[in-house]
Amino acid sequence: MPEYIEFKESDFKKIEKFFKNNGFRKVTEKEEQQMFERLALGDRKLHQEGSNTAFIFSVGRLSVKVYTTFSRESKTTIKENRCAWVSLLDGDTRIYSSPQIRRTKNFIQKLMSWSLIVKTILESQPLCPECKAKMYPKRNKKGTKHWWECNRTEYHSNGKVEKMSWNIFKTNLSLELKEFYQEYEKEQKIYQEYLKKKGKTNHVVGSTRTKRPLGRPENVE
Ligand SMILES: [Zn+2]
């Protein structure tokens, strides 16, 4: 079993500074409240996320949101086994999520690395080769495949939806992050093969999380 570590106020200060330096800002309590109302997620007080400090980096419709597990009130970490994660959102729709980041020894380093990786994915948003408009991120239902898409078919010479590989962000990663991501891909591959052998399917962040009763499920897909 991995060993969970308690983090201090100084650790929070460190990540706070990191996010600030990288163009992220803290999500306010009011914004969280508004999101809950907009998506009709139910009573916010019932959800622990309420006290979870989040950071956000946005460009147009797209944003990177980081859930830190640091409590909004006390700045110390909450519930031992809670995980942090980083998501890429298109509006309110979660398109991509990092793996869950456990609060073990390398927690802060991993959280920072994943934040920069997902930010790089956002910043790699391509233009459509056909109509030069911005392409938007898409995923399959299970969340196992991702790609960029432009559906302005009326402006495309072949009249078809244009798609582009998700992997274009990799060339924009720093050497250090590239190595970090390759290591993750390697682990994933081993894990997939293990699951295949056991006849199980992949679990993706989000699909295993506790399902909430949604007032308007179309908002979050
Ligand atoms: Zn296009």
# chains A, B, ... in the order shown; residues from 1 in each chain; ligands from 1
>>> residues_near_ligand(ligand="ligand 1", cutoff="10 Å", atoms="only C-alpha atoms and all ligand atoms", output="ChimeraX atom specification")
/A:127-135,149-157,159-163
>>> residues_around(residues="A:Phe19", least_positions_apart="6", cutoff="9 Å", atoms="only C-alpha atoms", output="list in words")
Arg25, Lys26, Phe55, Ile56, Phe57, Met112 and Ser115 of chain A
>>> closest_residue(among="A:Thr120, A:Thr104, A:Ser87, A:Ser97", to="A:Tyr4", atoms="only C-alpha atoms")
A:Thr104
